[in-house]
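Chemist: What follows is a single structure, and I will ask about it in a moment.
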Amino acid sequence: MTASRRGTRTIQAAGSPVHLGEGVLHELQRWLLAEAREARKFILGDENSLRQCLPELLAHVAALREAPTIAIPPGESSKSIEVCTALWSHLAGSGAERSSVLIVLGGGVVTDVGGFVGATYMRGIRTVHLPTSLMGMVDAAIGGKNGVDLDGIKNMVGTVRQPAAVYVHIPFLRTLGKRELMNGAAEMLKHGLVLDADHWHAVRAAPWHDLDALTPLIMRSAELKCEVVSRDVQEHGERRLLNFGHSIGHALEAASWEGPHRGLLHGEAVVVGMLCESWLSWRLGLMPREDHDHIAEQLLMRYKHYPFGSSDHHRMLELMSHDKKNQDGRFRFTLLEGIGKGRIDVEVTAAQAAEALDHYRLRAHDVQHHDPQA
Ligand SMILES: NC(=O)c1ccc[n+]([C@@H]2O[C@H](COP(=O)([O-])OP(=O)(O)OC[C@H]3O[C@@H](n4cnc5c(N)ncnc54)[C@H](O)[C@@H]3O)[C@@H](O)[C@H]2O)c1
Ligand SMILES: [Zn+2]
């Protein structure tokens, strides 16, 4: 890690610099002048990120003032190949060249789509991520995974390709709603659970609405993600730690958009996934009961119980069977050995996964929910 005079910290993620802290937009201006002065620059965002964050970006980064902007509709439905086709055509029609730079300003949806379009347009143009959601800052914009959903299955098509750089400007979060903040906090909690018990305790106890209190925790989460990605960029092993909560979480997220209830955000589904997978960690004898009880109590205190019926199980197991981590038709989950210590590649049967879902469905709402932010 390096630190500059202005308080910017730079961490490497698989050879790609992630700039954090004060002065990152100044750092971006400097990079554009040094590395892309003559290049054509395009700013991609969704309607919200462009409305809320573009004025601040342009106020600090004069080198982008002439750059055309491209807006996609907000929301997961923009993670589609149709949106990518429209963006490839738009770039081609606007004369984007191999030397052009795609500046991606938005949450995880925009960085996933922008990362993929940037990786594939003319076989790859320089892509710079400016995450604007908490999910983007601590997770989605870091590590190079990008892509779109296919036939209701998340992230089925995509690549792993590092952006030219990531600039994490935390003040962008000022306009982010509470639900979105809690969504991103779920991934920070996950980082703590699989990698760093101190981080878990710091995040679970922090006032999430207070950006000053959150800032060092965002930086720590981003750092944990950078470290794991740097050690295992292609996800041959350790990077799978970050999938804790996601085997069940991804299936629930997809199923929630098909059913009668409101759809779940990614992080909200991951919270249910972490509850189920913490329970499995105890049930399979990997983690002590007290650790499970503590995790369940803390998560259920912050996040409301999500009601789903037993009839949803079949669909969720079907969705889980598409998980890229499975081998030979068997589920492979990342579980916990304790708080701060994940274990990858644990074989889980469909019956055990169903049992975990049942446990959540029937028992979890017994725990009192109270919102410490209210
Ligand atoms: N590639 C990865 O490694 C990775 C990791 C985690 C998540 N993801 C993906 O990220 C996506 C979720 O990301 P997300 O939670 O950021 O969702 P998102 O991009 O949809 O953003 C959430 C909402 O907040 C709005 N928004 C963003 N920044 C804002 C701001 N500063 N002010 C006001 N509104 C703002 C967006 O317009 C959107 O409506 C999922 O598709 C998930 O699969 C990818
Ligand atoms: Zn996630």
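For the structure tokens, the naming scheme is as follows: chains receive sequential letters (A, B, ...) according to their order of presentation, residues are indexed from 1 within each chain, and ligands are indexed from 1 in presentation order.
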Which residues are near Phe331 of chain A? Cut-off 12 Å, only C-alpha atoms, ignore same chain within fewer than 5 positions. Put them as an mmCIF file with C-alpha atoms, in the first residue's frame.
Modeler:
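Generated output (selection-v1.cif):
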```cif
data_model
loop_
_atom_site.group_PDB
_atom_site.id
_atom_site.type_symbol
_atom_site.label_atom_id
_atom_site.label_comp_id
_atom_site.auth_asym_id
_atom_site.auth_seq_id
_atom_site.Cartn_x
_atom_site.Cartn_y
_atom_site.Cartn_z
ATOM 1 C CA SER A 247 -24.755 -19.950 -2.692
ATOM 2 C CA ILE A 248 -28.123 -19.566 -1.004
ATOM 3 C CA LEU A 317 -32.484 -25.573 -5.090
ATOM 4 C CA GLU A 318 -32.886 -25.588 -8.855
ATOM 5 C CA LEU A 319 -31.256 -22.166 -9.058
ATOM 6 C CA MET A 320 -28.488 -23.323 -6.710
ATOM 7 C CA SER A 321 -27.719 -26.197 -9.051
ATOM 8 C CA HIS A 322 -26.501 -23.606 -11.593
ATOM 9 C CA ASP A 323 -23.898 -22.246 -9.164
ATOM 10 C CA LYS A 324 -20.531 -21.995 -10.889
ATOM 11 C CA LYS A 325 -18.801 -23.438 -7.790
ATOM 12 C CA ASN A 326 -20.577 -26.809 -7.972
ATOM 13 C CA ILE A 344 -14.047 -23.009 1.012
ATOM 14 C CA ASP A 345 -15.319 -26.052 -0.909
ATOM 15 C CA VAL A 346 -17.512 -27.677 1.708
ATOM 16 C CA GLU A 347 -19.765 -30.284 0.138
ATOM 17 C CA VAL A 348 -23.399 -29.689 0.977
ATOM 18 C CA THR A 349 -26.277 -31.899 -0.139
ATOM 19 C CA ALA A 350 -29.540 -30.540 -1.497
ATOM 20 C CA ALA A 351 -31.277 -31.959 1.600
ATOM 21 C CA GLN A 352 -28.933 -30.023 3.923
ATOM 22 C CA ALA A 353 -29.447 -26.813 1.955
ATOM 23 C CA ALA A 354 -33.216 -27.334 2.177
#
```
Chemist: Show which residues sit within 12 Å of segment 179-181 of chain A, as a PDB file with all heavy atoms, in the first residue's frame. Count only C-alpha atoms, and ignore same-chain residues fewer than 3 positions away.
Modeler:
```pdb
ATOM      1  N   GLY A  75     -30.972  -0.340 -12.056  1.00  0.00           N
ATOM      2  CA  GLY A  75     -31.556  -1.614 -11.633  1.00  0.00           C
ATOM      3  C   GLY A  75     -30.928  -2.822 -12.316  1.00  0.00           C
ATOM      4  O   GLY A  75     -30.323  -2.726 -13.378  1.00  0.00           O
ATOM      5  N   GLY A 107     -23.205   2.250  -9.315  1.00  0.00           N
ATOM      6  CA  GLY A 107     -23.193   1.128  -8.387  1.00  0.00           C
ATOM      7  C   GLY A 107     -22.728  -0.140  -9.080  1.00  0.00           C
ATOM      8  O   GLY A 107     -22.190  -0.108 -10.194  1.00  0.00           O
ATOM      9  N   GLY A 108     -22.965  -1.266  -8.420  1.00  0.00           N
ATOM     10  CA  GLY A 108     -22.480  -2.553  -8.912  1.00  0.00           C
ATOM     11  C   GLY A 108     -23.054  -2.948 -10.258  1.00  0.00           C
ATOM     12  O   GLY A 108     -22.372  -3.606 -11.055  1.00  0.00           O
ATOM     13  N   THR A 132     -20.196   4.363  -6.883  1.00  0.00           N
ATOM     14  CA  THR A 132     -20.989   5.386  -6.184  1.00  0.00           C
ATOM     15  C   THR A 132     -21.898   4.794  -5.123  1.00  0.00           C
ATOM     16  O   THR A 132     -22.537   5.524  -4.383  1.00  0.00           O
ATOM     17  CB  THR A 132     -21.860   6.179  -7.180  1.00  0.00           C
ATOM     18  OG1 THR A 132     -22.788   5.264  -7.797  1.00  0.00           O
ATOM     19  CG2 THR A 132     -21.024   6.864  -8.244  1.00  0.00           C
ATOM     20  N   SER A 133     -22.008   3.464  -5.071  1.00  0.00           N
ATOM     21  CA  SER A 133     -22.798   2.828  -4.002  1.00  0.00           C
ATOM     22  C   SER A 133     -21.823   2.163  -3.032  1.00  0.00           C
ATOM     23  O   SER A 133     -20.664   1.887  -3.384  1.00  0.00           O
ATOM     24  CB  SER A 133     -23.738   1.767  -4.588  1.00  0.00           C
ATOM     25  OG  SER A 133     -22.977   0.682  -5.107  1.00  0.00           O
ATOM     26  N   LEU A 134     -22.304   1.880  -1.826  1.00  0.00           N
ATOM     27  CA  LEU A 134     -21.437   1.207  -0.857  1.00  0.00           C
ATOM     28  C   LEU A 134     -21.052  -0.177  -1.374  1.00  0.00           C
ATOM     29  O   LEU A 134     -19.900  -0.606  -1.266  1.00  0.00           O
ATOM     30  CB  LEU A 134     -22.161   1.111   0.500  1.00  0.00           C
ATOM     31  CG  LEU A 134     -21.354   0.513   1.648  1.00  0.00           C
ATOM     32  CD1 LEU A 134     -20.031   1.239   1.861  1.00  0.00           C
ATOM     33  CD2 LEU A 134     -22.178   0.513   2.935  1.00  0.00           C
ATOM     34  N   MET A 135     -22.030  -0.876  -1.971  1.00  0.00           N
ATOM     35  CA  MET A 135     -21.751  -2.198  -2.567  1.00  0.00           C
ATOM     36  C   MET A 135     -20.628  -2.105  -3.594  1.00  0.00           C
ATOM     37  O   MET A 135     -19.750  -2.967  -3.663  1.00  0.00           O
ATOM     38  CB  MET A 135     -23.048  -2.701  -3.215  1.00  0.00           C
ATOM     39  CG  MET A 135     -22.923  -3.952  -4.030  1.00  0.00           C
ATOM     40  SD  MET A 135     -22.641  -5.420  -3.050  1.00  0.00           S
ATOM     41  CE  MET A 135     -24.212  -5.609  -2.247  1.00  0.00           C
ATOM     42  N   GLY A 136     -20.674  -1.055  -4.399  1.00  0.00           N
ATOM     43  CA  GLY A 136     -19.645  -0.872  -5.415  1.00  0.00           C
ATOM     44  C   GLY A 136     -18.283  -0.613  -4.788  1.00  0.00           C
ATOM     45  O   GLY A 136     -17.271  -1.155  -5.233  1.00  0.00           O
ATOM     46  N   MET A 137     -18.256   0.228  -3.740  1.00  0.00           N
ATOM     47  CA  MET A 137     -16.977   0.643  -3.156  1.00  0.00           C
ATOM     48  C   MET A 137     -16.243  -0.487  -2.449  1.00  0.00           C
ATOM     49  O   MET A 137     -15.022  -0.569  -2.497  1.00  0.00           O
ATOM     50  CB  MET A 137     -17.217   1.780  -2.153  1.00  0.00           C
ATOM     51  CG  MET A 137     -17.641   3.058  -2.837  1.00  0.00           C
ATOM     52  SD  MET A 137     -17.840   4.421  -1.672  1.00  0.00           S
ATOM     53  CE  MET A 137     -18.503   5.669  -2.789  1.00  0.00           C
ATOM     54  N   VAL A 138     -16.987  -1.345  -1.760  1.00  0.00           N
ATOM     55  CA  VAL A 138     -16.311  -2.383  -0.971  1.00  0.00           C
ATOM     56  C   VAL A 138     -16.226  -3.705  -1.718  1.00  0.00           C
ATOM     57  O   VAL A 138     -15.566  -4.626  -1.272  1.00  0.00           O
ATOM     58  CB  VAL A 138     -16.996  -2.622   0.404  1.00  0.00           C
ATOM     59  CG1 VAL A 138     -16.931  -1.366   1.245  1.00  0.00           C
ATOM     60  CG2 VAL A 138     -18.432  -3.113   0.255  1.00  0.00           C
ATOM     61  N   PHE A 172     -19.464  10.379  -2.395  1.00  0.00           N
ATOM     62  CA  PHE A 172     -20.579  10.045  -3.295  1.00  0.00           C
ATOM     63  C   PHE A 172     -21.729   9.379  -2.535  1.00  0.00           C
ATOM     64  O   PHE A 172     -22.876   9.404  -2.977  1.00  0.00           O
ATOM     65  CB  PHE A 172     -20.121   9.082  -4.403  1.00  0.00           C
ATOM     66  CG  PHE A 172     -19.383   9.726  -5.550  1.00  0.00           C
ATOM     67  CD1 PHE A 172     -18.430   8.990  -6.264  1.00  0.00           C
ATOM     68  CD2 PHE A 172     -19.653  11.032  -5.944  1.00  0.00           C
ATOM     69  CE1 PHE A 172     -17.754   9.567  -7.342  1.00  0.00           C
ATOM     70  CE2 PHE A 172     -18.973  11.609  -7.019  1.00  0.00           C
ATOM     71  CZ  PHE A 172     -18.025  10.871  -7.720  1.00  0.00           C
ATOM     72  N   LEU A 173     -21.416   8.770  -1.398  1.00  0.00           N
ATOM     73  CA  LEU A 173     -22.453   8.029  -0.661  1.00  0.00           C
ATOM     74  C   LEU A 173     -23.481   8.943   0.013  1.00  0.00           C
ATOM     75  O   LEU A 173     -24.501   8.457   0.501  1.00  0.00           O
ATOM     76  CB  LEU A 173     -21.809   7.139   0.418  1.00  0.00           C
ATOM     77  CG  LEU A 173     -20.896   6.018  -0.073  1.00  0.00           C
ATOM     78  CD1 LEU A 173     -20.365   5.227   1.110  1.00  0.00           C
ATOM     79  CD2 LEU A 173     -21.639   5.089  -1.024  1.00  0.00           C
ATOM     80  N   ARG A 174     -23.201  10.248   0.035  1.00  0.00           N
ATOM     81  CA  ARG A 174     -24.118  11.153   0.733  1.00  0.00           C
ATOM     82  C   ARG A 174     -25.548  11.072   0.217  1.00  0.00           C
ATOM     83  O   ARG A 174     -26.486  11.330   0.952  1.00  0.00           O
ATOM     84  CB  ARG A 174     -23.607  12.603   0.629  1.00  0.00           C
ATOM     85  CG  ARG A 174     -22.466  12.885   1.605  1.00  0.00           C
ATOM     86  CD  ARG A 174     -22.213  14.372   1.705  1.00  0.00           C
ATOM     87  NE  ARG A 174     -21.750  14.873   0.413  1.00  0.00           N
ATOM     88  CZ  ARG A 174     -20.525  15.338   0.173  1.00  0.00           C
ATOM     89  NH1 ARG A 174     -19.653  15.420   1.152  1.00  0.00           N
ATOM     90  NH2 ARG A 174     -20.187  15.767  -1.027  1.00  0.00           N
ATOM     91  N   THR A 175     -25.719  10.750  -1.067  1.00  0.00           N
ATOM     92  CA  THR A 175     -27.073  10.722  -1.627  1.00  0.00           C
ATOM     93  C   THR A 175     -27.652   9.311  -1.699  1.00  0.00           C
ATOM     94  O   THR A 175     -28.757   9.117  -2.205  1.00  0.00           O
ATOM     95  CB  THR A 175     -27.079  11.338  -3.047  1.00  0.00           C
ATOM     96  OG1 THR A 175     -26.099  10.649  -3.835  1.00  0.00           O
ATOM     97  CG2 THR A 175     -26.749  12.814  -3.009  1.00  0.00           C
ATOM     98  N   LEU A 176     -26.916   8.343  -1.204  1.00  0.00           N
ATOM     99  CA  LEU A 176     -27.388   6.953  -1.285  1.00  0.00           C
ATOM    100  C   LEU A 176     -28.422   6.703  -0.189  1.00  0.00           C
ATOM    101  O   LEU A 176     -28.230   7.101   0.955  1.00  0.00           O
ATOM    102  CB  LEU A 176     -26.195   6.007  -1.103  1.00  0.00           C
ATOM    103  CG  LEU A 176     -26.425   4.556  -1.491  1.00  0.00           C
ATOM    104  CD1 LEU A 176     -26.540   4.401  -3.016  1.00  0.00           C
ATOM    105  CD2 LEU A 176     -25.287   3.673  -0.975  1.00  0.00           C
ATOM    106  N   GLY A 184     -25.011  -2.611   1.019  1.00  0.00           N
ATOM    107  CA  GLY A 184     -23.547  -2.684   0.924  1.00  0.00           C
ATOM    108  C   GLY A 184     -22.911  -3.150   2.224  1.00  0.00           C
ATOM    109  O   GLY A 184     -21.903  -3.868   2.221  1.00  0.00           O
ATOM    110  N   ALA A 185     -23.518  -2.748   3.349  1.00  0.00           N
ATOM    111  CA  ALA A 185     -22.956  -3.148   4.647  1.00  0.00           C
ATOM    112  C   ALA A 185     -22.947  -4.669   4.785  1.00  0.00           C
ATOM    113  O   ALA A 185     -22.102  -5.236   5.479  1.00  0.00           O
ATOM    114  CB  ALA A 185     -23.749  -2.500   5.782  1.00  0.00           C
ATOM    115  N   ALA A 186     -23.892  -5.338   4.112  1.00  0.00           N
ATOM    116  CA  ALA A 186     -23.941  -6.805   4.185  1.00  0.00           C
ATOM    117  C   ALA A 186     -22.627  -7.416   3.698  1.00  0.00           C
ATOM    118  O   ALA A 186     -22.110  -8.373   4.287  1.00  0.00           O
ATOM    119  CB  ALA A 186     -25.109  -7.328   3.344  1.00  0.00           C
ATOM    120  N   GLU A 187     -22.052  -6.845   2.639  1.00  0.00           N
ATOM    121  CA  GLU A 187     -20.786  -7.400   2.121  1.00  0.00           C
ATOM    122  C   GLU A 187     -19.632  -7.066   3.077  1.00  0.00           C
ATOM    123  O   GLU A 187     -18.678  -7.838   3.195  1.00  0.00           O
ATOM    124  CB  GLU A 187     -20.479  -6.862   0.715  1.00  0.00           C
ATOM    125  CG  GLU A 187     -21.528  -7.188  -0.339  1.00  0.00           C
ATOM    126  CD  GLU A 187     -21.493  -8.619  -0.885  1.00  0.00           C
ATOM    127  OE1 GLU A 187     -20.679  -9.432  -0.414  1.00  0.00           O
ATOM    128  OE2 GLU A 187     -22.311  -8.911  -1.786  1.00  0.00           O
ATOM    129  N   MET A 188     -19.725  -5.916   3.758  1.00  0.00           N
ATOM    130  CA  MET A 188     -18.678  -5.591   4.734  1.00  0.00           C
ATOM    131  C   MET A 188     -18.718  -6.585   5.898  1.00  0.00           C
ATOM    132  O   MET A 188     -17.678  -7.043   6.384  1.00  0.00           O
ATOM    133  CB  MET A 188     -18.866  -4.160   5.242  1.00  0.00           C
ATOM    134  CG  MET A 188     -18.758  -3.123   4.136  1.00  0.00           C
ATOM    135  SD  MET A 188     -19.184  -1.452   4.670  1.00  0.00           S
ATOM    136  CE  MET A 188     -17.839  -1.067   5.773  1.00  0.00           C
ATOM    137  N   PRO A 207     -22.346   2.898  13.590  1.00  0.00           N
ATOM    138  CA  PRO A 207     -23.545   3.589  13.110  1.00  0.00           C
ATOM    139  C   PRO A 207     -23.427   3.782  11.600  1.00  0.00           C
ATOM    140  O   PRO A 207     -22.656   4.609  11.143  1.00  0.00           O
ATOM    141  CB  PRO A 207     -23.481   4.932  13.860  1.00  0.00           C
ATOM    142  CG  PRO A 207     -22.040   5.133  14.168  1.00  0.00           C
ATOM    143  CD  PRO A 207     -21.350   3.804  14.177  1.00  0.00           C
ATOM    144  N   TRP A 208     -24.179   2.994  10.851  1.00  0.00           N
ATOM    145  CA  TRP A 208     -23.968   2.954   9.403  1.00  0.00           C
ATOM    146  C   TRP A 208     -24.387   4.243   8.700  1.00  0.00           C
ATOM    147  O   TRP A 208     -23.995   4.497   7.563  1.00  0.00           O
ATOM    148  CB  TRP A 208     -24.711   1.754   8.782  1.00  0.00           C
ATOM    149  CG  TRP A 208     -24.187   0.431   9.245  1.00  0.00           C
ATOM    150  CD1 TRP A 208     -23.017   0.205   9.912  1.00  0.00           C
ATOM    151  CD2 TRP A 208     -24.811  -0.848   9.091  1.00  0.00           C
ATOM    152  NE1 TRP A 208     -22.872  -1.146  10.182  1.00  0.00           N
ATOM    153  CE2 TRP A 208     -23.966  -1.816   9.687  1.00  0.00           C
ATOM    154  CE3 TRP A 208     -26.002  -1.289   8.495  1.00  0.00           C
ATOM    155  CZ2 TRP A 208     -24.277  -3.176   9.714  1.00  0.00           C
ATOM    156  CZ3 TRP A 208     -26.298  -2.643   8.523  1.00  0.00           C
ATOM    157  CH2 TRP A 208     -25.450  -3.571   9.121  1.00  0.00           C
ATOM    158  N   HIS A 209     -25.234   5.046   9.362  1.00  0.00           N
ATOM    159  CA  HIS A 209     -25.677   6.291   8.725  1.00  0.00           C
ATOM    160  C   HIS A 209     -24.614   7.383   8.845  1.00  0.00           C
ATOM    161  O   HIS A 209     -24.747   8.447   8.244  1.00  0.00           O
ATOM    162  CB  HIS A 209     -26.983   6.774   9.372  1.00  0.00           C
ATOM    163  CG  HIS A 209     -26.837   6.961  10.856  1.00  0.00           C
ATOM    164  ND1 HIS A 209     -26.926   5.909  11.737  1.00  0.00           N
ATOM    165  CD2 HIS A 209     -26.554   8.058  11.586  1.00  0.00           C
ATOM    166  CE1 HIS A 209     -26.733   6.365  12.970  1.00  0.00           C
ATOM    167  NE2 HIS A 209     -26.490   7.664  12.904  1.00  0.00           N
ATOM    168  N   ASP A 210     -23.574   7.131   9.637  1.00  0.00           N
ATOM    169  CA  ASP A 210     -22.563   8.150   9.905  1.00  0.00           C
ATOM    170  C   ASP A 210     -21.346   7.892   8.992  1.00  0.00           C
ATOM    171  O   ASP A 210     -20.532   7.002   9.252  1.00  0.00           O
ATOM    172  CB  ASP A 210     -22.179   8.061  11.393  1.00  0.00           C
ATOM    173  CG  ASP A 210     -21.075   9.036  11.767  1.00  0.00           C
ATOM    174  OD1 ASP A 210     -20.472   9.645  10.857  1.00  0.00           O
ATOM    175  OD2 ASP A 210     -20.801   9.167  12.977  1.00  0.00           O
ATOM    176  N   LEU A 211     -21.255   8.709   7.926  1.00  0.00           N
ATOM    177  CA  LEU A 211     -20.203   8.464   6.921  1.00  0.00           C
ATOM    178  C   LEU A 211     -18.799   8.566   7.503  1.00  0.00           C
ATOM    179  O   LEU A 211     -17.893   7.857   7.066  1.00  0.00           O
ATOM    180  CB  LEU A 211     -20.328   9.454   5.765  1.00  0.00           C
ATOM    181  CG  LEU A 211     -21.168   9.032   4.560  1.00  0.00           C
ATOM    182  CD1 LEU A 211     -20.876   9.948   3.386  1.00  0.00           C
ATOM    183  CD2 LEU A 211     -20.939   7.584   4.190  1.00  0.00           C
ATOM    184  N   LEU A 214     -18.095   5.384   9.122  1.00  0.00           N
ATOM    185  CA  LEU A 214     -18.039   4.299   8.136  1.00  0.00           C
ATOM    186  C   LEU A 214     -16.746   4.333   7.303  1.00  0.00           C
ATOM    187  O   LEU A 214     -16.278   3.293   6.829  1.00  0.00           O
ATOM    188  CB  LEU A 214     -19.262   4.443   7.222  1.00  0.00           C
ATOM    189  CG  LEU A 214     -19.864   3.178   6.623  1.00  0.00           C
ATOM    190  CD1 LEU A 214     -20.174   2.147   7.701  1.00  0.00           C
ATOM    191  CD2 LEU A 214     -21.136   3.538   5.843  1.00  0.00           C
ATOM    192  N   ILE A 218     -15.000   1.211   5.438  1.00  0.00           N
ATOM    193  CA  ILE A 218     -15.067   1.021   3.983  1.00  0.00           C
ATOM    194  C   ILE A 218     -13.662   0.748   3.459  1.00  0.00           C
ATOM    195  O   ILE A 218     -13.436  -0.152   2.643  1.00  0.00           O
ATOM    196  CB  ILE A 218     -15.659   2.282   3.297  1.00  0.00           C
ATOM    197  CG1 ILE A 218     -17.120   2.465   3.690  1.00  0.00           C
ATOM    198  CG2 ILE A 218     -15.511   2.202   1.774  1.00  0.00           C
ATOM    199  CD1 ILE A 218     -17.741   3.787   3.209  1.00  0.00           C
ATOM    200  N   LEU A 264     -35.605  -8.877  -3.620  1.00  0.00           N
ATOM    201  CA  LEU A 264     -34.555  -8.547  -2.654  1.00  0.00           C
ATOM    202  C   LEU A 264     -33.364  -7.927  -3.369  1.00  0.00           C
ATOM    203  O   LEU A 264     -33.018  -8.328  -4.482  1.00  0.00           O
ATOM    204  CB  LEU A 264     -34.073  -9.823  -1.970  1.00  0.00           C
ATOM    205  CG  LEU A 264     -34.956 -10.430  -0.887  1.00  0.00           C
ATOM    206  CD1 LEU A 264     -34.380 -11.769  -0.443  1.00  0.00           C
ATOM    207  CD2 LEU A 264     -35.042  -9.487   0.307  1.00  0.00           C
ATOM    208  N   LEU A 265     -32.720  -6.987  -2.705  1.00  0.00           N
ATOM    209  CA  LEU A 265     -31.440  -6.491  -3.196  1.00  0.00           C
ATOM    210  C   LEU A 265     -30.383  -7.565  -2.950  1.00  0.00           C
ATOM    211  O   LEU A 265     -30.539  -8.428  -2.074  1.00  0.00           O
ATOM    212  CB  LEU A 265     -31.041  -5.203  -2.461  1.00  0.00           C
ATOM    213  CG  LEU A 265     -31.994  -4.013  -2.615  1.00  0.00           C
ATOM    214  CD1 LEU A 265     -31.475  -2.821  -1.813  1.00  0.00           C
ATOM    215  CD2 LEU A 265     -32.148  -3.653  -4.080  1.00  0.00           C
ATOM    216  N   HIS A 266     -29.285  -7.470  -3.704  1.00  0.00           N
ATOM    217  CA  HIS A 266     -28.227  -8.480  -3.599  1.00  0.00           C
ATOM    218  C   HIS A 266     -27.784  -8.674  -2.137  1.00  0.00           C
ATOM    219  O   HIS A 266     -27.764  -9.798  -1.623  1.00  0.00           O
ATOM    220  CB  HIS A 266     -27.052  -8.045  -4.480  1.00  0.00           C
ATOM    221  CG  HIS A 266     -25.871  -8.945  -4.389  1.00  0.00           C
ATOM    222  ND1 HIS A 266     -25.849 -10.195  -4.949  1.00  0.00           N
ATOM    223  CD2 HIS A 266     -24.661  -8.779  -3.784  1.00  0.00           C
ATOM    224  CE1 HIS A 266     -24.677 -10.759  -4.693  1.00  0.00           C
ATOM    225  NE2 HIS A 266     -23.938  -9.920  -3.994  1.00  0.00           N
ATOM    226  N   GLY A 267     -27.461  -7.582  -1.476  1.00  0.00           N
ATOM    227  CA  GLY A 267     -26.952  -7.682  -0.097  1.00  0.00           C
ATOM    228  C   GLY A 267     -28.002  -8.221   0.870  1.00  0.00           C
ATOM    229  O   GLY A 267     -27.669  -8.942   1.816  1.00  0.00           O
ATOM    230  N   GLU A 268     -29.256  -7.874   0.632  1.00  0.00           N
ATOM    231  CA  GLU A 268     -30.329  -8.389   1.495  1.00  0.00           C
ATOM    232  C   GLU A 268     -30.430  -9.908   1.354  1.00  0.00           C
ATOM    233  O   GLU A 268     -30.623 -10.632   2.341  1.00  0.00           O
ATOM    234  CB  GLU A 268     -31.668  -7.748   1.123  1.00  0.00           C
ATOM    235  CG  GLU A 268     -31.724  -6.253   1.425  1.00  0.00           C
ATOM    236  CD  GLU A 268     -32.920  -5.537   0.818  1.00  0.00           C
ATOM    237  OE1 GLU A 268     -33.543  -6.086  -0.123  1.00  0.00           O
ATOM    238  OE2 GLU A 268     -33.227  -4.425   1.269  1.00  0.00           O
ATOM    239  N   ARG A 302     -30.347  -6.227  12.695  1.00  0.00           N
ATOM    240  CA  ARG A 302     -30.194  -5.163  11.711  1.00  0.00           C
ATOM    241  C   ARG A 302     -31.137  -5.324  10.518  1.00  0.00           C
ATOM    242  O   ARG A 302     -31.557  -4.339   9.927  1.00  0.00           O
ATOM    243  CB  ARG A 302     -28.764  -5.166  11.157  1.00  0.00           C
ATOM    244  CG  ARG A 302     -27.703  -4.777  12.158  1.00  0.00           C
ATOM    245  CD  ARG A 302     -27.524  -3.274  12.188  1.00  0.00           C
ATOM    246  NE  ARG A 302     -26.282  -2.909  12.855  1.00  0.00           N
ATOM    247  CZ  ARG A 302     -25.773  -1.692  12.830  1.00  0.00           C
ATOM    248  NH1 ARG A 302     -26.370  -0.724  12.178  1.00  0.00           N
ATOM    249  NH2 ARG A 302     -24.650  -1.442  13.451  1.00  0.00           N
ATOM    250  N   TYR A 303     -31.358  -6.587  10.101  1.00  0.00           N
ATOM    251  CA  TYR A 303     -32.077  -6.825   8.846  1.00  0.00           C
ATOM    252  C   TYR A 303     -33.387  -7.544   9.126  1.00  0.00           C
ATOM    253  O   TYR A 303     -33.408  -8.548   9.854  1.00  0.00           O
ATOM    254  CB  TYR A 303     -31.225  -7.684   7.896  1.00  0.00           C
ATOM    255  CG  TYR A 303     -29.968  -6.990   7.421  1.00  0.00           C
ATOM    256  CD1 TYR A 303     -28.779  -7.102   8.132  1.00  0.00           C
ATOM    257  CD2 TYR A 303     -29.977  -6.204   6.266  1.00  0.00           C
ATOM    258  CE1 TYR A 303     -27.617  -6.465   7.706  1.00  0.00           C
ATOM    259  CE2 TYR A 303     -28.821  -5.570   5.828  1.00  0.00           C
ATOM    260  CZ  TYR A 303     -27.648  -5.701   6.548  1.00  0.00           C
ATOM    261  OH  TYR A 303     -26.509  -5.073   6.120  1.00  0.00           O
ATOM    262  N   LYS A 304     -34.454  -7.062   8.489  1.00  0.00           N
ATOM    263  CA  LYS A 304     -35.781  -7.666   8.687  1.00  0.00           C
ATOM    264  C   LYS A 304     -35.826  -9.093   8.131  1.00  0.00           C
ATOM    265  O   LYS A 304     -35.165  -9.417   7.164  1.00  0.00           O
ATOM    266  CB  LYS A 304     -36.836  -6.836   7.954  1.00  0.00           C
ATOM    267  CG  LYS A 304     -37.172  -5.536   8.626  1.00  0.00           C
ATOM    268  CD  LYS A 304     -38.540  -5.046   8.122  1.00  0.00           C
ATOM    269  CE  LYS A 304     -38.828  -3.658   8.655  1.00  0.00           C
ATOM    270  NZ  LYS A 304     -38.035  -2.622   7.968  1.00  0.00           N
ATOM    271  N   GLN A 373     -30.527   2.014  14.035  1.00  0.00           N
ATOM    272  CA  GLN A 373     -30.368   3.322  13.362  1.00  0.00           C
ATOM    273  C   GLN A 373     -31.607   4.198  13.518  1.00  0.00           C
ATOM    274  O   GLN A 373     -31.580   5.363  13.183  1.00  0.00           O
ATOM    275  CB  GLN A 373     -30.163   3.137  11.847  1.00  0.00           C
ATOM    276  CG  GLN A 373     -29.205   2.027  11.460  1.00  0.00           C
ATOM    277  CD  GLN A 373     -27.783   2.410  11.719  1.00  0.00           C
ATOM    278  OE1 GLN A 373     -27.269   3.280  11.056  1.00  0.00           O
ATOM    279  NE2 GLN A 373     -27.153   1.792  12.687  1.00  0.00           N
TER     280      GLN A 373
END
```
Chemist: Would you return as a ChimeraX atom specification the members of segment 168-361 of chain A that DSSP assigns to helix (DSSP H, G or I) on this structure's backbone?
Modeler: /A:170-175,178-195,197-205,211-231,238-243,246-258,266-283,289-302,312-320,350-361
Chemist: Work out how far apart atom CA of Leu224 of chain A and atom CA of Arg283 of chain A are and give it in Å to one decimal.
Modeler: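 Between atom CA of Leu224 of chain A and atom CA of Arg283 of chain A the gap is 27.7 Å.
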Chemist: Extract, using only C-alpha atoms, all DNA, RNA and protein residues at most 12 Å from segment 252-261 of chain A, discarding same-chain residues fewer than 5 positions from it, and format them as an MDAnalysis selection string.
Modeler: chainID A and resid 76:77 149:155 245:247 266:274 276 306:309 311:320 322 357
